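Asker: Data: protein_33.pdb, PDB, C-alpha atoms, pLDDT in the B column.
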ATOM      1  CA  MET Z  55      22.455 -20.984   0.688  1.00 36.00           C
ATOM      2  CA  ALA Z  56      20.565 -18.296   2.602  1.00 42.00           C
ATOM      3  CA  ALA Z  57      21.342 -14.642   2.296  1.00 43.00           C
ATOM      4  CA  MET Z  58      19.839 -11.168   2.455  1.00 43.00           C
ATOM      5  CA  GLY Z  59      20.888  -7.866   0.932  1.00 44.00           C
ATOM      6  CA  ASN Z  60      19.423  -4.400   1.470  1.00 53.00           C
ATOM      7  CA  ASP Z  61      16.162  -5.276  -0.246  1.00 84.00           C
ATOM      8  CA  VAL Z  62      16.432  -8.892  -1.429  1.00 85.00           C
ATOM      9  CA  VAL Z  63      16.491 -12.350   0.108  1.00 86.00           C
ATOM     10  CA  PHE Z  64      17.761 -15.304  -1.919  1.00 87.00           C
ATOM     11  CA  GLY Z  65      18.048 -19.036  -1.490  1.00 87.00           C
ATOM     12  CA  ALA Z  66      15.115 -21.417  -1.063  1.00 86.00           C
ATOM     13  CA  ASN Z  67      15.222 -21.687   2.727  1.00 86.00           C
ATOM     14  CA  ALA Z  68      15.666 -17.946   3.343  1.00 84.00           C
ATOM     15  CA  VAL Z  69      12.838 -17.029   0.978  1.00 87.00           C
ATOM     16  CA  ARG Z  70      10.556 -19.702   2.452  1.00 86.00           C
ATOM     17  CA  GLU Z  71      11.074 -18.270   5.941  1.00 83.00           C
ATOM     18  CA  ALA Z  72      10.515 -14.715   4.674  1.00 82.00           C
ATOM     19  CA  LEU Z  73       7.188 -15.806   3.168  1.00 85.00           C
ATOM     20  CA  ARG Z  74       6.182 -17.693   6.303  1.00 81.00           C
ATOM     21  CA  ALA Z  75       6.907 -14.597   8.401  1.00 72.00           C
ATOM     22  CA  ARG Z  76       4.233 -12.771   6.334  1.00 70.00           C
ATOM     23  CA  GLY Z  77       4.165  -9.066   5.788  1.00 70.00           C
ATOM     24  CA  ARG Z  78       7.669  -8.654   4.353  1.00 81.00           C
ATOM     25  CA  VAL Z  79       7.887 -10.063   0.799  1.00 87.00           C
ATOM     26  CA  ASN Z  80       6.922  -7.663  -2.011  1.00 88.00           C
ATOM     27  CA  ARG Z  81       7.632  -9.910  -4.972  1.00 90.00           C
ATOM     28  CA  LEU Z  82       9.060 -13.373  -5.654  1.00 91.00           C
ATOM     29  CA  TYR Z  83      11.256 -14.278  -8.631  1.00 92.00           C
ATOM     30  CA  LEU Z  84      11.870 -17.894  -9.680  1.00 92.00           C
ATOM     31  CA  ALA Z  85      14.168 -19.228 -12.398  1.00 89.00           C
ATOM     32  CA  GLN Z  86      12.377 -20.027 -15.653  1.00 85.00           C
ATOM     33  CA  GLU Z  87      14.556 -23.089 -15.993  1.00 75.00           C
ATOM     34  CA  SER Z  88      13.423 -24.429 -12.630  1.00 64.00           C
ATOM     35  CA  ARG Z  89      10.267 -26.423 -12.032  1.00 58.00           C
ATOM     36  CA  ALA Z  90      11.697 -28.142  -8.979  1.00 56.00           C
ATOM     37  CA  ARG Z  91       9.598 -28.946  -5.935  1.00 65.00           C
ATOM     38  CA  ASP Z  92      11.007 -25.941  -4.057  1.00 78.00           C
ATOM     39  CA  ALA Z  93       9.959 -23.516  -6.806  1.00 82.00           C
ATOM     40  CA  VAL Z  94       6.437 -24.936  -7.039  1.00 83.00           C
ATOM     41  CA  ALA Z  95       6.004 -24.883  -3.255  1.00 87.00           C
ATOM     42  CA  LEU Z  96       7.275 -21.322  -2.955  1.00 90.00           C
ATOM     43  CA  ALA Z  97       4.998 -20.176  -5.769  1.00 88.00           C
ATOM     44  CA  GLY Z  98       2.058 -21.791  -3.971  1.00 89.00           C
ATOM     45  CA  LEU Z  99       2.975 -20.096  -0.692  1.00 88.00           C
ATOM     46  CA  ALA Z 100       3.283 -16.739  -2.449  1.00 87.00           C
ATOM     47  CA  ARG Z 101      -0.069 -17.226  -4.198  1.00 86.00           C
ATOM     48  CA  ALA Z 102      -1.782 -18.018  -0.892  1.00 83.00           C
ATOM     49  CA  GLN Z 103      -0.450 -14.766   0.593  1.00 80.00           C
ATOM     50  CA  GLY Z 104      -1.256 -12.593  -2.404  1.00 78.00           C
ATOM     51  CA  VAL Z 105       2.426 -12.023  -3.196  1.00 85.00           C
ATOM     52  CA  ARG Z 106       3.192 -11.535  -6.879  1.00 86.00           C
ATOM     53  CA  PHE Z 107       5.600 -14.097  -8.342  1.00 89.00           C
ATOM     54  CA  ASP Z 108       7.226 -14.431 -11.756  1.00 88.00           C
ATOM     55  CA  PHE Z 109       9.411 -16.977 -13.530  1.00 90.00           C
ATOM     56  CA  VAL Z 110      12.347 -15.042 -15.015  1.00 90.00           C
ATOM     57  CA  PRO Z 111      15.663 -15.768 -16.810  1.00 90.00           C
ATOM     58  CA  GLN Z 112      18.625 -16.865 -14.717  1.00 88.00           C
ATOM     59  CA  ALA Z 113      20.479 -13.691 -15.713  1.00 90.00           C
ATOM     60  CA  LYS Z 114      17.872 -11.510 -13.976  1.00 90.00           C
ATOM     61  CA  LEU Z 115      18.189 -13.559 -10.772  1.00 90.00           C
ATOM     62  CA  ASN Z 116      21.974 -13.173 -10.920  1.00 90.00           C
ATOM     63  CA  ALA Z 117      21.590  -9.400 -11.202  1.00 90.00           C
ATOM     64  CA  LEU Z 118      19.005  -9.164  -8.415  1.00 88.00           C
ATOM     65  CA  ALA Z 119      20.998 -11.290  -5.972  1.00 86.00           C
ATOM     66  CA  GLY Z 120      24.430 -10.037  -7.018  1.00 87.00           C
ATOM     67  CA  THR Z 121      25.606 -13.649  -7.118  1.00 87.00           C
ATOM     68  CA  HIS Z 122      25.013 -16.926  -8.954  1.00 86.00           C
ATOM     69  CA  GLU Z 123      24.458 -18.720  -5.633  1.00 84.00           C
ATOM     70  CA  HIS Z 124      20.729 -18.022  -5.282  1.00 87.00           C
ATOM     71  CA  GLN Z 125      19.311 -21.514  -5.997  1.00 86.00           C
ATOM     72  CA  GLY Z 126      16.944 -20.014  -8.570  1.00 89.00           C
ATOM     73  CA  VAL Z 127      14.958 -18.117  -5.919  1.00 90.00           C
ATOM     74  CA  VAL Z 128      15.067 -14.372  -5.137  1.00 91.00           C
ATOM     75  CA  ALA Z 129      12.552 -12.221  -3.262  1.00 90.00           C
ATOM     76  CA  ARG Z 130      12.277  -8.472  -2.940  1.00 88.00           C
ATOM     77  CA  VAL Z 131      11.433  -7.549   0.628  1.00 87.00           C
ATOM     78  CA  SER Z 132       9.913  -4.549   2.349  1.00 87.00           C
ATOM     79  CA  PRO Z 133      12.087  -2.533   4.761  1.00 85.00           C
ATOM     80  CA  VAL Z 134       9.207  -2.641   7.250  1.00 86.00           C
ATOM     81  CA  GLU Z 135       6.635  -5.256   8.129  1.00 87.00           C
ATOM     82  CA  TYR Z 136       3.221  -4.825   6.549  1.00 90.00           C
ATOM     83  CA  ALA Z 137       0.224  -4.773   8.872  1.00 91.00           C
ATOM     84  CA  VAL Z 138      -2.550  -7.381   8.576  1.00 90.00           C
ATOM     85  CA  LEU Z 139      -5.946  -5.837   7.813  1.00 94.00           C
ATOM     86  CA  ASP Z 140      -7.988  -7.913  10.271  1.00 95.00           C
ATOM     87  CA  GLU Z 141      -5.548  -7.187  13.095  1.00 94.00           C
ATOM     88  CA  TRP Z 142      -5.421  -3.497  12.222  1.00 96.00           C
ATOM     89  CA  LEU Z 143      -9.218  -3.257  12.203  1.00 97.00           C
ATOM     90  CA  GLY Z 144      -9.393  -5.061  15.542  1.00 95.00           C
ATOM     91  CA  ALA Z 145      -7.102  -2.485  17.166  1.00 95.00           C
ATOM     92  CA  CYS Z 146      -8.515   0.538  15.349  1.00 93.00           C
ATOM     93  CA  PRO Z 147     -10.033   3.287  17.537  1.00 93.00           C
ATOM     94  CA  ALA Z 148     -13.590   4.563  17.164  1.00 94.00           C
ATOM     95  CA  ARG Z 149     -12.350   7.626  15.287  1.00 94.00           C
ATOM     96  CA  ALA Z 150      -9.919   6.815  12.505  1.00 96.00           C
ATOM     97  CA  LEU Z 151      -8.806   7.983   9.067  1.00 97.00           C
ATOM     98  CA  LEU Z 152      -7.497   5.432   6.577  1.00 98.00           C
ATOM     99  CA  LEU Z 153      -5.755   6.406   3.340  1.00 98.00           C
ATOM    100  CA  VAL Z 154      -6.366   3.869   0.544  1.00 98.00           C
ATOM    101  CA  LEU Z 155      -4.094   3.846  -2.523  1.00 97.00           C
ATOM    102  CA  ASP Z 156      -5.556   2.271  -5.659  1.00 96.00           C
ATOM    103  CA  GLN Z 157      -2.483   1.351  -7.707  1.00 94.00           C
ATOM    104  CA  VAL Z 158      -0.469   4.522  -7.147  1.00 94.00           C
ATOM    105  CA  GLN Z 159       2.604   3.822  -9.253  1.00 91.00           C
ATOM    106  CA  HIS Z 160       5.379   6.280  -8.510  1.00 92.00           C
ATOM    107  CA  PRO Z 161       7.536   5.629  -5.427  1.00 92.00           C
ATOM    108  CA  LYS Z 162       8.000   9.362  -4.833  1.00 93.00           C
ATOM    109  CA  ASN Z 163       4.240   9.856  -4.725  1.00 94.00           C
ATOM    110  CA  VAL Z 164       3.803   6.900  -2.356  1.00 94.00           C
ATOM    111  CA  GLY Z 165       6.520   8.249  -0.073  1.00 94.00           C
ATOM    112  CA  LEU Z 166       4.962  11.710  -0.007  1.00 95.00           C
ATOM    113  CA  LEU Z 167       1.530  10.199   0.619  1.00 96.00           C
ATOM    114  CA  LEU Z 168       2.827   8.189   3.575  1.00 96.00           C
ATOM    115  CA  ARG Z 169       4.448  11.271   5.076  1.00 95.00           C
ATOM    116  CA  THR Z 170       1.336  13.373   4.521  1.00 96.00           C
ATOM    117  CA  ALA Z 171      -0.925  10.679   5.998  1.00 96.00           C
ATOM    118  CA  LEU Z 172       1.291  10.529   9.080  1.00 95.00           C
ATOM    119  CA  GLY Z 173       1.204  14.319   9.443  1.00 94.00           C
ATOM    120  CA  ALA Z 174      -2.590  14.371   9.119  1.00 95.00           C
ATOM    121  CA  GLY Z 175      -2.968  11.819  11.909  1.00 95.00           C
ATOM    122  CA  ALA Z 176      -4.148   8.952   9.698  1.00 96.00           C
ATOM    123  CA  ALA Z 177      -4.355   5.586  11.433  1.00 96.00           C
ATOM    124  CA  GLY Z 178      -2.994   3.640   8.474  1.00 97.00           C
ATOM    125  CA  VAL Z 179      -2.502   3.273   4.722  1.00 97.00           C
ATOM    126  CA  LEU Z 180      -4.006   0.427   2.672  1.00 97.00           C
ATOM    127  CA  MET Z 181      -2.632  -0.603  -0.746  1.00 95.00           C
ATOM    128  CA  PRO Z 182      -2.921  -3.615  -3.061  1.00 92.00           C
ATOM    129  CA  ALA Z 183      -0.046  -6.080  -3.421  1.00 85.00           C
ATOM    130  CA  ARG Z 184      -0.250  -5.806  -7.218  1.00 83.00           C
ATOM    131  CA  GLY Z 185      -0.381  -2.916  -9.627  1.00 85.00           C
ATOM    132  CA  GLY Z 186       1.206  -0.156  -7.567  1.00 86.00           C
ATOM    133  CA  ALA Z 187       4.485   0.704  -5.881  1.00 86.00           C
ATOM    134  CA  LEU Z 188       5.239  -1.327  -2.754  1.00 85.00           C
ATOM    135  CA  LEU Z 189       7.554  -0.379   0.077  1.00 88.00           C
ATOM    136  CA  ASP Z 190      11.249  -0.304  -0.759  1.00 85.00           C
ATOM    137  CA  GLU Z 191      14.278   1.857  -0.023  1.00 82.00           C
ATOM    138  CA  SER Z 192      13.205   4.537  -2.508  1.00 87.00           C
ATOM    139  CA  ILE Z 193       9.907   4.962  -0.661  1.00 90.00           C
ATOM    140  CA  VAL Z 194      11.715   5.070   2.674  1.00 88.00           C
ATOM    141  CA  ARG Z 195      13.768   7.961   1.296  1.00 89.00           C
ATOM    142  CA  SER Z 196      10.870   9.831  -0.305  1.00 92.00           C
ATOM    143  CA  SER Z 197       8.810   9.496   2.879  1.00 92.00           C
ATOM    144  CA  ALA Z 198      11.792  10.798   4.886  1.00 92.00           C
ATOM    145  CA  GLY Z 199      11.361   7.839   7.232  1.00 90.00           C
ATOM    146  CA  ALA Z 200       7.626   8.350   7.831  1.00 92.00           C
ATOM    147  CA  VAL Z 201       6.995   4.783   6.645  1.00 91.00           C
ATOM    148  CA  PHE Z 202       8.448   3.540   9.938  1.00 91.00           C
ATOM    149  CA  HIS Z 203       5.786   5.373  11.951  1.00 93.00           C
ATOM    150  CA  ILE Z 204       2.471   4.547  10.290  1.00 95.00           C
ATOM    151  CA  PRO Z 205       0.906   1.115   9.682  1.00 95.00           C
ATOM    152  CA  VAL Z 206       0.907   0.079   6.006  1.00 95.00           C
ATOM    153  CA  ILE Z 207      -1.502  -2.712   5.054  1.00 94.00           C
ATOM    154  CA  THR Z 208      -1.416  -4.736   1.838  1.00 91.00           C
ATOM    155  CA  CYS Z 209      -4.186  -6.855   0.373  1.00 91.00           C
ATOM    156  CA  ARG Z 210      -4.772  -9.217  -2.539  1.00 87.00           C
ATOM    157  CA  ASN Z 211      -7.950  -7.519  -3.745  1.00 93.00           C
ATOM    158  CA  LEU Z 212      -8.488  -3.858  -2.907  1.00 96.00           C
ATOM    159  CA  ALA Z 213     -12.248  -3.817  -3.578  1.00 97.00           C
ATOM    160  CA  GLN Z 214     -12.770  -6.779  -1.242  1.00 97.00           C
ATOM    161  CA  ALA Z 215     -10.534  -5.224   1.417  1.00 97.00           C
ATOM    162  CA  LEU Z 216     -12.452  -1.959   1.145  1.00 97.00           C
ATOM    163  CA  ARG Z 217     -15.719  -3.831   1.683  1.00 98.00           C
ATOM    164  CA  LYS Z 218     -14.247  -5.329   4.850  1.00 97.00           C
ATOM    165  CA  VAL Z 219     -13.208  -1.848   5.975  1.00 98.00           C
ATOM    166  CA  ARG Z 220     -16.765  -0.606   5.385  1.00 98.00           C
ATOM    167  CA  ASP Z 221     -18.155  -3.566   7.354  1.00 97.00           C
ATOM    168  CA  ALA Z 222     -16.015  -2.358  10.261  1.00 97.00           C
ATOM    169  CA  GLY Z 223     -17.885   0.953  10.301  1.00 97.00           C
ATOM    170  CA  PHE Z 224     -15.851   3.046   7.864  1.00 98.00           C
ATOM    171  CA  TRP Z 225     -17.345   5.252   5.158  1.00 98.00           C
ATOM    172  CA  ALA Z 226     -15.338   5.145   1.937  1.00 98.00           C
ATOM    173  CA  TYR Z 227     -14.837   8.333  -0.072  1.00 98.00           C
ATOM    174  CA  GLY Z 228     -13.215   8.199  -3.506  1.00 96.00           C
ATOM    175  CA  LEU Z 229     -11.241  11.305  -4.457  1.00 95.00           C
ATOM    176  CA  ASP Z 230     -12.307  12.052  -8.017  1.00 92.00           C
ATOM    177  CA  ALA Z 231     -12.683  15.148 -10.182  1.00 89.00           C
ATOM    178  CA  SER Z 232     -16.232  14.028 -11.067  1.00 87.00           C
ATOM    179  CA  GLY Z 233     -17.317  13.830  -7.433  1.00 90.00           C
ATOM    180  CA  GLU Z 234     -20.554  15.621  -6.583  1.00 87.00           C
ATOM    181  CA  ALA Z 235     -19.486  16.822  -3.129  1.00 93.00           C
ATOM    182  CA  SER Z 236     -16.567  19.092  -2.299  1.00 95.00           C
ATOM    183  CA  VAL Z 237     -14.020  17.883   0.263  1.00 95.00           C
ATOM    184  CA  PHE Z 238     -14.606  21.218   2.025  1.00 94.00           C
ATOM    185  CA  GLU Z 239     -18.342  20.608   2.392  1.00 93.00           C
ATOM    186  CA  THR Z 240     -18.320  16.906   3.266  1.00 94.00           C
ATOM    187  CA  ASP Z 241     -19.365  16.004   6.810  1.00 93.00           C
ATOM    188  CA  TRP Z 242     -16.608  13.479   7.433  1.00 95.00           C
ATOM    189  CA  PRO Z 243     -17.757  10.678   9.795  1.00 96.00           C
ATOM    190  CA  ALA Z 244     -15.705   9.406  12.721  1.00 95.00           C
ATOM    191  CA  ARG Z 245     -14.380   6.491  10.670  1.00 97.00           C
ATOM    192  CA  CYS Z 246     -13.598   7.276   7.063  1.00 96.00           C
ATOM    193  CA  ALA Z 247     -11.418   5.884   4.302  1.00 98.00           C
ATOM    194  CA  LEU Z 248     -10.098   8.278   1.666  1.00 98.00           C
ATOM    195  CA  VAL Z 249      -9.463   6.394  -1.590  1.00 98.00           C
ATOM    196  CA  LEU Z 250      -6.934   7.770  -4.081  1.00 97.00           C
ATOM    197  CA  GLY Z 251      -6.623   6.409  -7.619  1.00 94.00           C
ATOM    198  CA  ASN Z 252      -3.754   5.853 -10.034  1.00 93.00           C
ATOM    199  CA  GLU Z 253      -1.861   8.956 -11.221  1.00 90.00           C
ATOM    200  CA  THR Z 254      -3.175   8.723 -14.803  1.00 89.00           C
ATOM    201  CA  ARG Z 255      -6.196   6.387 -14.751  1.00 91.00           C
ATOM    202  CA  GLY Z 256      -7.729   7.422 -11.453  1.00 92.00           C
ATOM    203  CA  LEU Z 257      -9.939   5.006  -9.534  1.00 95.00           C
ATOM    204  CA  ARG Z 258     -10.607   1.603 -11.082  1.00 96.00           C
ATOM    205  CA  PRO Z 259     -14.317   0.894 -11.753  1.00 96.00           C
ATOM    206  CA  GLY Z 260     -14.477  -1.943  -9.211  1.00 96.00           C
ATOM    207  CA  VAL Z 261     -12.967   0.220  -6.477  1.00 97.00           C
ATOM    208  CA  ARG Z 262     -15.082   3.229  -7.429  1.00 96.00           C
ATOM    209  CA  LYS Z 263     -18.213   1.080  -7.102  1.00 96.00           C
ATOM    210  CA  VAL Z 264     -17.354   0.158  -3.504  1.00 97.00           C
ATOM    211  CA  CYS Z 265     -17.002   3.793  -2.418  1.00 97.00           C
ATOM    212  CA  ASP Z 266     -19.949   5.298  -0.558  1.00 96.00           C
ATOM    213  CA  ALA Z 267     -19.401   8.629  -2.319  1.00 96.00           C
ATOM    214  CA  LEU Z 268     -17.032  10.455  -4.643  1.00 96.00           C
ATOM    215  CA  VAL Z 269     -15.618  13.793  -3.498  1.00 96.00           C
ATOM    216  CA  ARG Z 270     -13.679  16.448  -5.385  1.00 94.00           C
ATOM    217  CA  ILE Z 271     -11.358  19.371  -4.760  1.00 93.00           C
ATOM    218  CA  PRO Z 272     -12.763  22.524  -6.422  1.00 91.00           C
ATOM    219  CA  LEU Z 273     -10.057  24.085  -8.603  1.00 88.00           C
ATOM    220  CA  ALA Z 274      -9.675  27.577 -10.014  1.00 85.00           C
ATOM    221  CA  GLY Z 275      -7.595  28.784 -12.929  1.00 76.00           C
ATOM    222  CA  GLY Z 276      -8.937  26.221 -15.378  1.00 72.00           C
ATOM    223  CA  LEU Z 277      -7.048  23.361 -13.741  1.00 76.00           C
ATOM    224  CA  GLU Z 278      -8.539  19.890 -14.133  1.00 74.00           C
ATOM    225  CA  SER Z 279      -6.485  18.051 -11.512  1.00 75.00           C
ATOM    226  CA  LEU Z 280      -3.671  18.202  -8.964  1.00 82.00           C
ATOM    227  CA  ASN Z 281      -0.707  15.905  -8.385  1.00 87.00           C
ATOM    228  CA  ALA Z 282      -1.885  12.791  -6.520  1.00 89.00           C
ATOM    229  CA  ALA Z 283       0.107  13.553  -3.378  1.00 90.00           C
ATOM    230  CA  VAL Z 284      -0.991  17.205  -3.328  1.00 93.00           C
ATOM    231  CA  ALA Z 285      -4.661  16.297  -3.821  1.00 92.00           C
ATOM    232  CA  ALA Z 286      -4.550  13.685  -1.072  1.00 94.00           C
ATOM    233  CA  GLY Z 287      -2.846  16.178   1.221  1.00 95.00           C
ATOM    234  CA  VAL Z 288      -5.639  18.709   0.776  1.00 95.00           C
ATOM    235  CA  ALA Z 289      -8.291  16.087   1.529  1.00 96.00           C
ATOM    236  CA  LEU Z 290      -6.432  14.396   4.397  1.00 96.00           C
ATOM    237  CA  PHE Z 291      -5.918  17.638   6.302  1.00 96.00           C
ATOM    238  CA  GLN Z 292      -9.533  18.638   5.687  1.00 95.00           C
ATOM    239  CA  VAL Z 293     -10.621  15.388   7.361  1.00 95.00           C
ATOM    240  CA  ALA Z 294      -8.102  15.912  10.164  1.00 93.00           C
ATOM    241  CA  ALA Z 295      -9.384  19.426  10.798  1.00 92.00           C
ATOM    242  CA  ARG Z 296     -12.990  18.193  10.916  1.00 88.00           C
ATOM    243  CA  HIS Z 297     -11.965  15.411  13.314  1.00 86.00           C
ATOM    244  CA  GLY Z 298     -10.005  17.823  15.479  1.00 79.00           C
ATOM    245  CA  ALA Z 299      -7.021  15.494  15.104  1.00 59.00           C
ATOM    246  CA  MET Z 300      -4.352  18.019  14.187  1.00 53.00           C
ATOM    247  CA  GLY Z 301      -1.095  17.350  15.990  1.00 49.00           C
ATOM    248  CA  GLU Z 302      -2.146  13.888  17.218  1.00 51.00           C
ATOM    249  CA  ARG Z 303      -0.144  10.727  16.588  1.00 49.00           C
ATOM    250  CA  PRO Z 304      -1.866   8.072  14.460  1.00 49.00           C
ATOM    251  CA  ALA Z 305      -3.057   4.906  16.147  1.00 47.00           C
ATOM    252  CA  GLY Z 306      -0.484   2.136  15.934  1.00 48.00           C
ATOM    253  CA  SER Z 307       2.488   4.478  15.430  1.00 49.00           C
ATOM    254  CA  ASP Z 308       5.667   4.220  17.468  1.00 49.00           C
TER     255      ASP Z 308
END
In structure tokens, how does this file's structure come out?

Answerer:
Amino acid sequence: MAAMGNDVVFGANAVREALRARGRVNRLYLAQESRARDAVALAGLARAQGVRFDFVPQAKLNALAGTHEHQGVVARVSPVEYAVLDEWLGACPARALLLVLDQVQHPKNVGLLLRTALGAGAAGVLMPARGGALLDESIVRSSAGAVFHIPVITCRNLAQALRKVRDAGFWAYGLDASGEASVFETDWPARCALVLGNETRGLRPGVRKVCDALVRIPLAGGLESLNAAVAAGVALFQVAARHGAMGERPAGSD
């Protein structure tokens, strides 16, 4: 059995091929009752690629696949192919803006962030494979299709990926209310990564530590913070204006 719906693939062979293709599987579900060779092998393949996998009751697999004929294996897939960080860095121009999402949870926020990043001329968006919203049909809708026009990169460990980005010549700036510098006064370098934290918890300590600096948006009226997508929009367009990139298409877009 091998089948695919709007956002799921089921059946051992179909899921194995989806994993081997890389860049498409968001999450793998395996039957709790199954410890067969196929399940163990698929779990190992998912682990090697940083794809989250869970053993769940048969009833959940039935609901996900819409059928009982799933062989105990169901995968949620992305509507677009994720970019590979090393390949993206290799093709990245000398001047580039990267938006980094540290476990942003709400699909609507992620969709708005993707659309805003595209409009600001960002070259890509980096997000972890665990802990935040990954690409699905709800994000396609909330981004109004922008997800199809900007590279989205996933990684197993965001702090490690951010170190690799810095090694490639990027400066990493964490957007945080406690930041010493204002986004309006920062001298944004040619290659910079803007790092946005979770909607309620903000930046994780390990990710915060990797940032070169923390920057803030000065607020009036006694406000302490802005919505994640709004805050990122302010900062992204400030970088774009400093880079003189307004109206340009991001590198790697269609």

Asker: Please identify every residue of stretch 115-225 of chain Z that has at least one atom no farther than 7 Å from an atom of stretch 278-302 of chain Z, counting only C-alpha atoms, and for each give the shortest atom pair and the distance in Å to one decimal, arranged by chain then increasing number, as a Markdown table.

Answerer:
| residue | atom | partner | partner_atom | distance |
| --- | --- | --- | --- | --- |
| Z:Asn163 | CA | Z:Ala283 | CA | 5.7 |
| Z:Leu166 | CA | Z:Ala283 | CA | 6.2 |
| Z:Leu167 | CA | Z:Ala283 | CA | 5.4 |
| Z:Thr170 | CA | Z:Gly287 | CA | 6.0 |
| Z:Ala171 | CA | Z:Leu290 | CA | 6.8 |
| Z:Ala174 | CA | Z:Phe291 | CA | 5.4 |
| Z:Gly175 | CA | Z:Glu302 | CA | 5.8 |

Asker: Might you spell out which residues the PyMOL selection byres ((chain Z and resi 209-215) around 12) would select in the displayed file, as JSON, numbers by chain?

Answerer: {"Z": [76, 77, 80, 100, 101, 102, 103, 104, 105, 106, 136, 137, 138, 139, 140, 143, 154, 155, 156, 157, 179, 180, 181, 182, 183, 184, 185, 186, 188, 206, 207, 208, 216, 217, 218, 219, 220, 221, 222, 224, 226, 247, 249, 250, 251, 257, 258, 259, 260, 261, 262, 263, 264, 265]}

Asker: Here's the selection I'm unsure about, the PyMOL selection byres ((chain Z and resi 196) around 12); applied to the file above, which residues does it give, as a PyMOL selection string?

Answerer: chain Z and resi 160-170+189-195+197-201+283

Asker: So that I can check the surroundings of stretch 270-274 of chain Z, please list as a list of chain:residue names every protein, DNA and RNA residue that reaches within 6 Å of it, counting all atoms listed in the file and ignoring chain neighbours fewer than 5 positions away.

Answerer: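 Neighbouring residues, sequence-local ones excluded: Z:Leu229, Z:Asp230, Z:Ala231, Z:Gly233, Z:Ser236, Z:Val237.
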
Asker: Please enclose the listed atoms of stretch 91-104 of chain Z in an axis-aligned box, pad each side by 3 Å, and write out the centre and the three edge lengths in Å, rounded to one decimal, as JSON.

Answerer:
{"center_x": 4.6, "center_y": -20.8, "center_z": -3.2, "size_x": 18.8, "size_y": 22.4, "size_z": 13.6}

Asker: Can you measure atom CA of Z:Ala177 to atom CA of Z:Thr240 for me? One decimal in Å is fine.

Answerer: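 Interatomic distance here is 19.7 Å.
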
Asker: With all atoms listed in the file as the basis for distance, which of Z:Asn252, Z:Ser132, Z:Ser232, Z:Thr121 is at the shortest distance from Z:Val79?

Answerer: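 Nearest candidate to Z:Val79 out of Z:Asn252, Z:Ser132, Z:Ser232, Z:Thr121: Z:Ser132.
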
Asker: One decimal, in Å: what's the spacing between atom CA of Z:His122 and atom CA of Z:Asp108?

Answerer: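 These atoms are spaced 18.2 Å apart.
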
Asker: What does the structure give for the distance between atom CA of Z:Glu234 and atom CA of Z:Leu172, in Å to one decimal?

Answerer: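 Result for atom CA of Z:Glu234 versus atom CA of Z:Leu172: 27.4 Å, one decimal.
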
Asker: Suppose a student applies the PyMOL selection byres ((chain Z and resi 62) around 12) to this structure; what residues should they get, written as a PDB file with C-alpha atoms, keeping the file's coordinate frame?

Answerer:
ATOM      1  CA  ALA Z  56      20.565 -18.296   2.602  1.00 42.00           C
ATOM      2  CA  ALA Z  57      21.342 -14.642   2.296  1.00 43.00           C
ATOM      3  CA  MET Z  58      19.839 -11.168   2.455  1.00 43.00           C
ATOM      4  CA  GLY Z  59      20.888  -7.866   0.932  1.00 44.00           C
ATOM      5  CA  ASN Z  60      19.423  -4.400   1.470  1.00 53.00           C
ATOM      6  CA  ASP Z  61      16.162  -5.276  -0.246  1.00 84.00           C
ATOM      7  CA  VAL Z  63      16.491 -12.350   0.108  1.00 86.00           C
ATOM      8  CA  PHE Z  64      17.761 -15.304  -1.919  1.00 87.00           C
ATOM      9  CA  GLY Z  65      18.048 -19.036  -1.490  1.00 87.00           C
ATOM     10  CA  ALA Z  68      15.666 -17.946   3.343  1.00 84.00           C
ATOM     11  CA  VAL Z  69      12.838 -17.029   0.978  1.00 87.00           C
ATOM     12  CA  ALA Z  72      10.515 -14.715   4.674  1.00 82.00           C
ATOM     13  CA  ARG Z  78       7.669  -8.654   4.353  1.00 81.00           C
ATOM     14  CA  VAL Z  79       7.887 -10.063   0.799  1.00 87.00           C
ATOM     15  CA  ASN Z  80       6.922  -7.663  -2.011  1.00 88.00           C
ATOM     16  CA  ARG Z  81       7.632  -9.910  -4.972  1.00 90.00           C
ATOM     17  CA  LEU Z  82       9.060 -13.373  -5.654  1.00 91.00           C
ATOM     18  CA  TYR Z  83      11.256 -14.278  -8.631  1.00 92.00           C
ATOM     19  CA  LEU Z 115      18.189 -13.559 -10.772  1.00 90.00           C
ATOM     20  CA  ASN Z 116      21.974 -13.173 -10.920  1.00 90.00           C
ATOM     21  CA  ALA Z 117      21.590  -9.400 -11.202  1.00 90.00           C
ATOM     22  CA  LEU Z 118      19.005  -9.164  -8.415  1.00 88.00           C
ATOM     23  CA  ALA Z 119      20.998 -11.290  -5.972  1.00 86.00           C
ATOM     24  CA  GLY Z 120      24.430 -10.037  -7.018  1.00 87.00           C
ATOM     25  CA  THR Z 121      25.606 -13.649  -7.118  1.00 87.00           C
ATOM     26  CA  HIS Z 124      20.729 -18.022  -5.282  1.00 87.00           C
ATOM     27  CA  VAL Z 127      14.958 -18.117  -5.919  1.00 90.00           C
ATOM     28  CA  VAL Z 128      15.067 -14.372  -5.137  1.00 91.00           C
ATOM     29  CA  ALA Z 129      12.552 -12.221  -3.262  1.00 90.00           C
ATOM     30  CA  ARG Z 130      12.277  -8.472  -2.940  1.00 88.00           C
ATOM     31  CA  VAL Z 131      11.433  -7.549   0.628  1.00 87.00           C
ATOM     32  CA  SER Z 132       9.913  -4.549   2.349  1.00 87.00           C
ATOM     33  CA  PRO Z 133      12.087  -2.533   4.761  1.00 85.00           C
ATOM     34  CA  ASP Z 190      11.249  -0.304  -0.759  1.00 85.00           C
ATOM     35  CA  GLU Z 191      14.278   1.857  -0.023  1.00 82.00           C
TER      36      GLU Z 191
END

Asker: Once you count only C-alpha atoms, which residues end up no further than 8 Å from (11.3, -20.2, -13.3) in the file's frame, shown as a ChimeraX atom specification?

Answerer: /Z:83-89,93,108-111,126
